[in-house]
Amino acid sequence: MARIIKRGMDASEVNAADAKVRATVEDILARVESGRDAAVRELSRQFDAWSPENFRLSEAQIENAIGQVSKRDLEDIKFAQSQVRNFARAQMATMQDLEVETLPGIVLGHRHVPVDSIGCYVPGGRYPMVASAHMSVVTARVAGVRRIAACAPPFKGGPHPAIVAAMHFGGADEIYVLGGVQAVAAMALGTDTIAPVDMIVGPGNAYVAEAKRQLFGRVGIDLLAGPTETLIIADDSVDGEICATDLLGQAEHGPTSPAVLITDSETLARETIAEIERLLKILPTADAAGQAWRDYGEVIVCADRAEMVREADRIASEHVQVMTRDVDYFLNNMKNYGALFLGPRTNVAYGDKVIGTNHTLPTKKAARYTGGLWVGKFLKTCTYQKVLTDEASGMIGEYCSRLCMLEGFVAHAEQANVRVRRYGRRNVPYAQAAE
């Protein structure tokens with residue numbers, strides 16, 4: 001049976017914090033819906049001390065921002081975007097339209113239709129997450145989305161130059177310097193100056209994730225991508241230093257980011273805890289990473305790799321890094337995860353920033369029922385049907401009529417019957433085909 005060497009915050013404390021977030025978000029959404037631009041401006045001033053003449057950047061402002069980014073940084077942004085774009089195009093190639101004749105004269109099919117408009121949120125509070133622009137904007141453009149609006153909060157009193165560059169080169173049609181729940185609400189609900197979108201995508205803090213949850217149904221969302229989660233599965237083929245480094249490498253996202261180690265080696269578990277304490281004394285981001293480790297960090301020792309898989313699937317973490325002798329065992333047996341990082345040569349930061357897979361991934365156990373953002377999230381798989389012959393319409397109509405009457409839907413049955421009378425057996429009385 002798995003033993004917990006270090007435990008995180010009690011579930012009741014987490015639930016209490018979540019309740020406060022829900023109430024705050026509900027209030028902000030209501031304010032934006034009723035107050036529109038005026039409410040957005042007031043909220044932006046309140047939370048970000050930011051109230052420009054226009055939240056949307058002009059072409060000149062975009063060019064000015066890009067001009068502040070070094071040549072090397074621009075090259076790196078374009079390199080990362082090319083990796084994301086290449087993988088998204090490869091994924092897109094798997095999304096084939098379908099048409100098949102299932103019975104003589106009965107043709108069924110589907111087409112993949114892009115969502116018409118999306119709003120991309122790029123976090124920029126504690127850290128300006130330039131890479132999030134690649135993941136949402138570039139992928140949506142590959143999918144064929146017609147209109148892409150992108151929002152990021154102000155950074156040091158203005159637009160963050162590198163984020164603006166990433167949004168622009170990624171293909172955003174509209175770029176807004178606007179952050180938090182008010183940004184998500186403005187894109188989803190629309191204001192006097194921001195046209196509403198059909199879908200909201202992108203990661204964010206707990207408030208942004210909750211805003212997406214509350215707005216779902218009124219608009220589409222990619223998934224609930226809240227505070228970063230990381231899970232490391234390791235055996236004694238690696239050491240405590242690399243495990244500790246990779247745990248803190250994600251815990252630094254913020255004080256509510258869970259970081260968990262699952263291992264079958266108690267020695268490695270103890271070494272990792274000791275290494276984390278050592279690294280927190282020298283890590284520049286130890287304030288956030290240390291609080292995350294203290295409140296949300298866990299170390300679990302399992303009897304064998306089968307139990308490690310069970311524990312990992314129970315946790316259903318956003319990121320799962322596997323550093324064991326046989327990484328394919330976990331690839332072949334795990335079911336609940338946002339993304340896998342297999343072997344010590346890779347790590348979550350590669351996926352976060354540059355390698356090409358998408359870093360917008362499910363959190364809070366959503367990995368039990370969804371994967372992460374990918375080109376398919378921007379496509380609606382829409383079916384169609386054609387009946388090509390009189391015989392086919394009459395034949396399928398008789399089955400349909402009887403099945404409708406089985407459920408008591410007489411008018412439904414008559415939809416079938418009228419076609420049976422016209423295209424199949426002649427002179428069939430009302431609802432007789434149901435008999």
# chains A, B, ... in the order shown; residues from 1 in each chain; ligands from 1
>>> select_by_dssp(residues="region 161-400 of chain A", states="alpha helix (DSSP H)", output="ChimeraX atom specification")
/A:161-170,180-189,206-215,240-251,266-280,286-296,305-315,327-333,348-353,390-400
>>> closest_atom_pairs(of="region 287-406 of chain A", to="region 212-232 of chain A", cutoff="9 Å", atoms="only C-alpha atoms", output="CSV")
residue,atom,partner,partner_atom,distance
A:Ala312,CA,A:Leu231,CA,7.8
A:Ile315,CA,A:Leu231,CA,8.6
A:Ala316,CA,A:Leu231,CA,8.9
A:Ser317,CA,A:Glu229,CA,6.0
A:Glu318,CA,A:Glu229,CA,5.3
A:His319,CA,A:Thr230,CA,4.7
A:Val320,CA,A:Leu231,CA,4.7
A:Gln321,CA,A:Ile232,CA,4.7
A:Val322,CA,A:Ile232,CA,6.0
A:Met323,CA,A:Ile232,CA,7.5
A:Val348,CA,A:Thr230,CA,8.2
A:Thr360,CA,A:Ala225,CA,6.4
A:Leu361,CA,A:Ala225,CA,5.8
A:Pro362,CA,A:Ala225,CA,5.1
A:Thr363,CA,A:Ala225,CA,5.4
A:Lys364,CA,A:Gly226,CA,7.6
A:Ala366,CA,A:Leu224,CA,7.3
A:Thr370,CA,A:Leu223,CA,7.7
A:Gly371,CA,A:Leu223,CA,8.4
A:Gly372,CA,A:Leu223,CA,7.3
A:Leu373,CA,A:Asp222,CA,6.2
A:Trp374,CA,A:Asp222,CA,8.9
A:Lys377,CA,A:Asp222,CA,6.4
A:Phe378,CA,A:Asp222,CA,8.2
>>> residues_around(residues="Asp328 (chain A)", least_positions_apart="5", cutoff="12 Å", atoms="only C-alpha atoms", output="count of residues only")
10
>>> residues_around(residues="region 43-56 of chain A", least_positions_apart="3", cutoff="10 Å", atoms="only C-alpha atoms", output="CSV table (one decimal) with N, CA and C atoms, in the first residue's frame")
chain,number,residue,atom,x,y,z
A,28,ILE,N,-17.4,39.5,-10.7
A,28,ILE,CA,-16.7,40.2,-11.8
A,28,ILE,C,-17.4,40.0,-13.1
A,31,ARG,N,-20.5,42.1,-13.2
A,31,ARG,CA,-20.2,43.5,-13.4
A,31,ARG,C,-19.8,43.8,-14.9
A,32,VAL,N,-19.1,42.9,-15.5
A,32,VAL,CA,-18.7,43.1,-16.9
A,32,VAL,C,-19.9,43.0,-17.8
A,37,ASP,N,-17.9,48.2,-21.2
A,37,ASP,CA,-16.5,48.8,-21.3
A,37,ASP,C,-16.2,49.6,-20.0
A,38,ALA,N,-17.2,50.2,-19.4
A,38,ALA,CA,-17.0,51.0,-18.2
A,38,ALA,C,-16.6,50.0,-17.0
A,39,ALA,N,-17.2,48.9,-16.9
A,39,ALA,CA,-16.8,47.9,-15.9
A,39,ALA,C,-15.4,47.4,-16.1
A,40,VAL,N,-15.1,47.0,-17.4
A,40,VAL,CA,-13.8,46.5,-17.7
A,40,VAL,C,-12.7,47.5,-17.3
A,59,GLU,N,-1.7,49.2,-34.9
A,59,GLU,CA,-0.6,48.6,-35.6
A,59,GLU,C,0.8,49.3,-35.2
A,61,GLN,N,1.5,50.7,-32.3
A,61,GLN,CA,1.9,50.2,-31.0
A,61,GLN,C,2.4,48.8,-31.0
A,62,ILE,N,1.9,48.0,-31.9
A,62,ILE,CA,2.4,46.6,-32.0
A,62,ILE,C,3.9,46.7,-32.6
A,125,GLY,N,0.9,37.6,-15.0
A,125,GLY,CA,1.0,38.2,-13.6
A,125,GLY,C,2.4,38.0,-13.0
A,149,ALA,N,-8.7,36.8,-31.3
A,149,ALA,CA,-8.4,37.9,-30.3
A,149,ALA,C,-7.6,37.4,-29.2
A,150,ALA,N,-6.6,38.2,-28.8
A,150,ALA,CA,-5.7,37.8,-27.8
A,150,ALA,C,-5.5,38.9,-26.7
A,151,CYS,N,-5.5,38.4,-25.4
A,151,CYS,CA,-5.4,39.3,-24.3
A,151,CYS,C,-4.3,38.9,-23.4
A,153,PRO,N,-2.3,40.7,-19.7
A,153,PRO,CA,-2.3,41.8,-18.7
A,153,PRO,C,-1.1,42.7,-19.0
A,154,PRO,N,-1.2,44.0,-18.5
A,154,PRO,CA,-0.1,44.9,-18.6
A,154,PRO,C,1.1,44.4,-17.8
A,155,PHE,N,2.3,44.8,-18.2
A,155,PHE,CA,3.5,44.3,-17.5
A,155,PHE,C,4.4,45.6,-17.3
A,156,LYS,N,4.6,45.9,-16.0
A,156,LYS,CA,5.3,47.1,-15.7
A,156,LYS,C,4.8,48.4,-16.4
A,157,GLY,N,3.5,48.5,-16.4
A,157,GLY,CA,2.8,49.7,-16.9
A,157,GLY,C,2.6,49.8,-18.3
A,158,GLY,N,2.6,48.7,-19.0
A,158,GLY,CA,2.3,48.7,-20.5
A,158,GLY,C,2.3,47.3,-21.0
A,159,PRO,N,2.2,47.2,-22.4
A,159,PRO,CA,2.2,45.9,-23.0
A,159,PRO,C,3.6,45.2,-22.8
A,174,GLU,N,-6.4,40.6,-33.3
A,174,GLU,CA,-6.6,41.7,-32.4
A,174,GLU,C,-5.8,41.4,-31.1
A,175,ILE,N,-5.1,42.4,-30.6
A,175,ILE,CA,-4.2,42.3,-29.5
A,175,ILE,C,-4.7,43.3,-28.4
A,176,TYR,N,-5.0,42.8,-27.2
A,176,TYR,CA,-5.5,43.7,-26.2
A,176,TYR,C,-4.5,43.6,-25.0
A,177,VAL,N,-4.3,44.7,-24.3
A,177,VAL,CA,-3.5,44.7,-23.1
A,177,VAL,C,-4.6,44.8,-22.0
A,178,LEU,N,-5.0,43.6,-21.5
A,178,LEU,CA,-6.1,43.5,-20.6
A,178,LEU,C,-5.9,42.1,-19.9
A,179,GLY,N,-6.0,42.1,-18.6
A,179,GLY,CA,-5.7,40.9,-17.8
A,179,GLY,C,-6.8,40.4,-17.0
A,180,GLY,N,-6.6,39.2,-16.4
A,180,GLY,CA,-7.5,38.6,-15.4
A,180,GLY,C,-8.9,38.2,-15.9
A,181,VAL,N,-9.8,38.1,-14.9
A,181,VAL,CA,-11.2,37.7,-15.2
A,181,VAL,C,-11.8,38.7,-16.1
A,182,GLN,N,-11.5,40.0,-16.0
A,182,GLN,CA,-12.1,41.0,-16.8
A,182,GLN,C,-11.8,40.8,-18.3
A,183,ALA,N,-10.6,40.3,-18.6
A,183,ALA,CA,-10.2,40.0,-20.0
A,183,ALA,C,-11.0,38.9,-20.5
A,193,THR,N,-16.7,47.8,-27.2
A,193,THR,CA,-15.6,47.9,-28.2
A,193,THR,C,-14.9,46.5,-28.5
A,194,ILE,N,-15.3,45.5,-27.8
A,194,ILE,CA,-14.7,44.1,-28.1
A,194,ILE,C,-15.9,43.2,-28.5
>>> select_by_dssp(residues="region 15-235 of chain A", states="strand (DSSP E or B)", output="PDB file with N, CA and C atoms, in the first residue's frame")
ATOM      1  N   ARG A  56      -7.087  47.910 -26.935  1.00  0.00           N
ATOM      2  CA  ARG A  56      -6.575  47.246 -28.131  1.00  0.00           C
ATOM      3  C   ARG A  56      -5.377  48.014 -28.683  1.00  0.00           C
ATOM      4  N   LEU A  98     -14.876  12.535 -43.646  1.00  0.00           N
ATOM      5  CA  LEU A  98     -15.337  11.164 -43.851  1.00  0.00           C
ATOM      6  C   LEU A  98     -16.648  11.168 -44.620  1.00  0.00           C
ATOM      7  N   GLU A  99     -16.772  10.252 -45.584  1.00  0.00           N
ATOM      8  CA  GLU A  99     -18.046   9.994 -46.235  1.00  0.00           C
ATOM      9  C   GLU A  99     -18.105   8.519 -46.576  1.00  0.00           C
ATOM     10  N   VAL A 100     -19.189   7.852 -46.158  1.00  0.00           N
ATOM     11  CA  VAL A 100     -19.284   6.409 -46.349  1.00  0.00           C
ATOM     12  C   VAL A 100     -20.728   6.035 -46.659  1.00  0.00           C
ATOM     13  N   GLU A 101     -20.909   5.088 -47.573  1.00  0.00           N
ATOM     14  CA  GLU A 101     -22.241   4.576 -47.882  1.00  0.00           C
ATOM     15  C   GLU A 101     -22.490   3.381 -46.968  1.00  0.00           C
ATOM     16  N   THR A 102     -23.277   3.581 -45.930  1.00  0.00           N
ATOM     17  CA  THR A 102     -23.463   2.551 -44.906  1.00  0.00           C
ATOM     18  C   THR A 102     -24.461   1.478 -45.327  1.00  0.00           C
ATOM     19  N   LEU A 103     -25.419   1.855 -46.170  1.00  0.00           N
ATOM     20  CA  LEU A 103     -26.391   0.946 -46.772  1.00  0.00           C
ATOM     21  C   LEU A 103     -26.595   1.424 -48.202  1.00  0.00           C
ATOM     22  N   ILE A 106     -27.683   5.077 -48.761  1.00  0.00           N
ATOM     23  CA  ILE A 106     -27.593   5.849 -47.511  1.00  0.00           C
ATOM     24  C   ILE A 106     -26.147   6.302 -47.339  1.00  0.00           C
ATOM     25  N   VAL A 107     -25.908   7.606 -47.397  1.00  0.00           N
ATOM     26  CA  VAL A 107     -24.562   8.165 -47.296  1.00  0.00           C
ATOM     27  C   VAL A 107     -24.458   9.008 -46.030  1.00  0.00           C
ATOM     28  N   LEU A 108     -23.493   8.685 -45.181  1.00  0.00           N
ATOM     29  CA  LEU A 108     -23.221   9.446 -43.969  1.00  0.00           C
ATOM     30  C   LEU A 108     -21.808  10.007 -44.038  1.00  0.00           C
ATOM     31  N   GLY A 109     -21.621  11.135 -43.384  1.00  0.00           N
ATOM     32  CA  GLY A 109     -20.283  11.711 -43.401  1.00  0.00           C
ATOM     33  C   GLY A 109     -20.081  12.704 -42.280  1.00  0.00           C
ATOM     34  N   HIS A 110     -18.847  13.152 -42.145  1.00  0.00           N
ATOM     35  CA  HIS A 110     -18.565  14.269 -41.248  1.00  0.00           C
ATOM     36  C   HIS A 110     -17.507  15.163 -41.863  1.00  0.00           C
ATOM     37  N   ARG A 111     -17.554  16.409 -41.432  1.00  0.00           N
ATOM     38  CA  ARG A 111     -16.558  17.400 -41.823  1.00  0.00           C
ATOM     39  C   ARG A 111     -16.039  18.067 -40.562  1.00  0.00           C
ATOM     40  N   HIS A 112     -14.780  18.491 -40.602  1.00  0.00           N
ATOM     41  CA  HIS A 112     -14.176  19.202 -39.485  1.00  0.00           C
ATOM     42  C   HIS A 112     -14.227  20.699 -39.796  1.00  0.00           C
ATOM     43  N   VAL A 113     -15.077  21.411 -39.079  1.00  0.00           N
ATOM     44  CA  VAL A 113     -15.333  22.823 -39.354  1.00  0.00           C
ATOM     45  C   VAL A 113     -14.676  23.669 -38.266  1.00  0.00           C
ATOM     46  N   PRO A 114     -13.808  24.612 -38.612  1.00  0.00           N
ATOM     47  CA  PRO A 114     -13.159  25.430 -37.576  1.00  0.00           C
ATOM     48  C   PRO A 114     -14.157  26.300 -36.825  1.00  0.00           C
ATOM     49  N   SER A 117     -14.554  32.114 -34.178  1.00  0.00           N
ATOM     50  CA  SER A 117     -13.781  33.140 -33.470  1.00  0.00           C
ATOM     51  C   SER A 117     -13.391  32.648 -32.090  1.00  0.00           C
ATOM     52  N   ILE A 118     -12.190  32.997 -31.670  1.00  0.00           N
ATOM     53  CA  ILE A 118     -11.725  32.589 -30.351  1.00  0.00           C
ATOM     54  C   ILE A 118     -11.061  33.762 -29.639  1.00  0.00           C
ATOM     55  N   GLY A 119     -11.043  33.645 -28.316  1.00  0.00           N
ATOM     56  CA  GLY A 119     -10.291  34.579 -27.487  1.00  0.00           C
ATOM     57  C   GLY A 119      -9.189  33.825 -26.773  1.00  0.00           C
ATOM     58  N   CYS A 120      -7.959  34.252 -26.952  1.00  0.00           N
ATOM     59  CA  CYS A 120      -6.806  33.600 -26.334  1.00  0.00           C
ATOM     60  C   CYS A 120      -6.345  34.422 -25.133  1.00  0.00           C
ATOM     61  N   TYR A 121      -6.277  33.780 -23.974  1.00  0.00           N
ATOM     62  CA  TYR A 121      -5.758  34.464 -22.803  1.00  0.00           C
ATOM     63  C   TYR A 121      -4.320  34.029 -22.554  1.00  0.00           C
ATOM     64  N   ARG A 147     -11.181  34.415 -36.830  1.00  0.00           N
ATOM     65  CA  ARG A 147     -10.852  35.603 -36.037  1.00  0.00           C
ATOM     66  C   ARG A 147     -10.238  35.185 -34.716  1.00  0.00           C
ATOM     67  N   ILE A 148      -9.058  35.725 -34.421  1.00  0.00           N
ATOM     68  CA  ILE A 148      -8.342  35.403 -33.195  1.00  0.00           C
ATOM     69  C   ILE A 148      -8.071  36.695 -32.427  1.00  0.00           C
ATOM     70  N   ALA A 149      -8.717  36.825 -31.257  1.00  0.00           N
ATOM     71  CA  ALA A 149      -8.443  37.937 -30.346  1.00  0.00           C
ATOM     72  C   ALA A 149      -7.550  37.411 -29.223  1.00  0.00           C
ATOM     73  N   ALA A 150      -6.600  38.216 -28.788  1.00  0.00           N
ATOM     74  CA  ALA A 150      -5.664  37.773 -27.755  1.00  0.00           C
ATOM     75  C   ALA A 150      -5.512  38.853 -26.694  1.00  0.00           C
ATOM     76  N   CYS A 151      -5.534  38.421 -25.431  1.00  0.00           N
ATOM     77  CA  CYS A 151      -5.398  39.335 -24.293  1.00  0.00           C
ATOM     78  C   CYS A 151      -4.253  38.897 -23.392  1.00  0.00           C
ATOM     79  N   ALA A 152      -3.503  39.867 -22.902  1.00  0.00           N
ATOM     80  CA  ALA A 152      -2.511  39.632 -21.852  1.00  0.00           C
ATOM     81  C   ALA A 152      -2.503  40.853 -20.947  1.00  0.00           C
ATOM     82  N   GLU A 174      -6.428  40.582 -33.291  1.00  0.00           N
ATOM     83  CA  GLU A 174      -6.635  41.687 -32.350  1.00  0.00           C
ATOM     84  C   GLU A 174      -5.800  41.410 -31.111  1.00  0.00           C
ATOM     85  N   ILE A 175      -5.070  42.410 -30.648  1.00  0.00           N
ATOM     86  CA  ILE A 175      -4.235  42.254 -29.464  1.00  0.00           C
ATOM     87  C   ILE A 175      -4.661  43.302 -28.430  1.00  0.00           C
ATOM     88  N   TYR A 176      -5.018  42.820 -27.247  1.00  0.00           N
ATOM     89  CA  TYR A 176      -5.476  43.691 -26.170  1.00  0.00           C
ATOM     90  C   TYR A 176      -4.534  43.570 -24.973  1.00  0.00           C
ATOM     91  N   VAL A 177      -4.259  44.702 -24.341  1.00  0.00           N
ATOM     92  CA  VAL A 177      -3.516  44.699 -23.083  1.00  0.00           C
ATOM     93  C   VAL A 177      -4.562  44.775 -21.972  1.00  0.00           C
ATOM     94  N   MET A 199     -15.333  31.045 -28.393  1.00  0.00           N
ATOM     95  CA  MET A 199     -14.591  30.090 -27.564  1.00  0.00           C
ATOM     96  C   MET A 199     -13.447  30.822 -26.875  1.00  0.00           C
ATOM     97  N   ILE A 200     -13.190  30.461 -25.616  1.00  0.00           N
ATOM     98  CA  ILE A 200     -12.087  31.019 -24.840  1.00  0.00           C
ATOM     99  C   ILE A 200     -11.054  29.915 -24.600  1.00  0.00           C
ATOM    100  N   VAL A 201      -9.786  30.238 -24.849  1.00  0.00           N
ATOM    101  CA  VAL A 201      -8.732  29.245 -24.645  1.00  0.00           C
ATOM    102  C   VAL A 201      -7.559  29.884 -23.901  1.00  0.00           C
ATOM    103  N   PHE A 216     -18.597  28.580 -19.390  1.00  0.00           N
ATOM    104  CA  PHE A 216     -18.797  27.452 -20.294  1.00  0.00           C
ATOM    105  C   PHE A 216     -20.284  27.201 -20.525  1.00  0.00           C
ATOM    106  N   VAL A 219     -20.124  30.263 -23.921  1.00  0.00           N
ATOM    107  CA  VAL A 219     -19.085  30.127 -24.943  1.00  0.00           C
ATOM    108  C   VAL A 219     -18.429  28.768 -24.735  1.00  0.00           C
ATOM    109  N   GLY A 220     -17.703  28.325 -25.733  1.00  0.00           N
ATOM    110  CA  GLY A 220     -16.913  27.123 -25.557  1.00  0.00           C
ATOM    111  C   GLY A 220     -15.621  27.443 -24.824  1.00  0.00           C
ATOM    112  N   ILE A 221     -15.018  26.434 -24.236  1.00  0.00           N
ATOM    113  CA  ILE A 221     -13.687  26.590 -23.653  1.00  0.00           C
ATOM    114  C   ILE A 221     -12.840  25.417 -24.112  1.00  0.00           C
ATOM    115  N   THR A 230       2.514  19.345 -11.318  1.00  0.00           N
ATOM    116  CA  THR A 230       3.525  18.428 -11.842  1.00  0.00           C
ATOM    117  C   THR A 230       3.630  17.200 -10.961  1.00  0.00           C
ATOM    118  N   LEU A 231       3.831  16.071 -11.619  1.00  0.00           N
ATOM    119  CA  LEU A 231       3.990  14.786 -10.948  1.00  0.00           C
ATOM    120  C   LEU A 231       5.216  14.111 -11.528  1.00  0.00           C
ATOM    121  N   ILE A 232       6.115  13.674 -10.667  1.00  0.00           N
ATOM    122  CA  ILE A 232       7.285  12.921 -11.111  1.00  0.00           C
ATOM    123  C   ILE A 232       7.146  11.478 -10.638  1.00  0.00           C
ATOM    124  N   ILE A 233       7.335  10.564 -11.572  1.00  0.00           N
ATOM    125  CA  ILE A 233       7.396   9.136 -11.261  1.00  0.00           C
ATOM    126  C   ILE A 233       8.844   8.718 -11.471  1.00  0.00           C
ATOM    127  N   ALA A 234       9.501   8.233 -10.411  1.00  0.00           N
ATOM    128  CA  ALA A 234      10.929   7.947 -10.508  1.00  0.00           C
ATOM    129  C   ALA A 234      11.288   6.710  -9.706  1.00  0.00           C
TER     130      ALA A 234
END
>>> residues_around(residues="Ser237 (chain A)", least_positions_apart="5", cutoff="12 Å", atoms="only C-alpha atoms", output="list of chain:residue names")
A:Ile242, A:Cys243, A:Thr263, A:Asp264, A:Ser265, A:Thr267, A:Leu268, A:Val322, A:Met323, A:Thr324, A:Arg325, A:Asp326, A:Val327, A:Gly343, A:Pro344
>>> write_last_selection(atoms="C-alpha atoms", output="tab-separated table (two decimals), in the first residue's frame")
chain	number	residue	atom	x	y	z
A	242	ILE	CA	17.18	15.90	-10.73
A	243	CYS	CA	13.85	15.06	-9.06
A	263	THR	CA	8.63	6.51	-6.24
A	264	ASP	CA	9.29	2.93	-5.24
A	265	SER	CA	12.50	3.97	-3.46
A	267	THR	CA	15.94	6.42	-0.27
A	268	LEU	CA	15.17	8.52	-3.36
A	322	VAL	CA	8.62	9.57	-15.88
A	323	MET	CA	12.23	8.84	-14.95
A	324	THR	CA	12.45	5.07	-14.58
A	325	ARG	CA	14.30	2.19	-16.19
A	326	ASP	CA	11.28	1.28	-18.32
A	327	VAL	CA	9.41	4.45	-19.29
A	343	GLY	CA	12.98	9.74	-19.55
A	344	PRO	CA	15.47	11.99	-17.76
>>> closest_residue(among="A:Ser132, A:Thr357, A:Thr191, A:Thr346", to="Gln83 (chain A)", atoms="only C-alpha atoms")
A:Thr357
>>> atom_distance(atom1="CA of Asn417 (chain A)", atom2="CA of Gly397 (chain A)")
6.5 Å
>>> residues_around(residues="Ala185 (chain A)", least_positions_apart="6", cutoff="8 Å", atoms="only C-alpha atoms", output="NGL selection string")
:A and (29 or 32-33 or 211)
>>> closest_residue(among="A:Asp18, A:Glu266, A:Glu26, A:Glu277", to="Ala303 (chain A)", atoms="only C-alpha atoms")
A:Glu266
>>> closest_residue(among="A:Glu271, A:Leu280, A:Trp293, A:Ala339", to="His359 (chain A)", atoms="only C-alpha atoms")
A:Ala339
>>> atom_distance(atom1="CA of Phe409 (chain A)", atom2="CA of Pro104 (chain A)")
26.9 Å
>>> closest_residue(among="A:Lys78, A:His168, A:Arg402, A:Arg85", to="Ala65 (chain A)", atoms="only C-alpha atoms")
A:His168
>>> residues_around(residues="Gly424 (chain A)", least_positions_apart="6", cutoff="9 Å", atoms="only C-alpha atoms", output="ChimeraX atom specification")
/A:390-395,397-398
>>> atom_distance(atom1="CA of Ala206 (chain A)", atom2="CA of Ala292 (chain A)")
13.9 Å
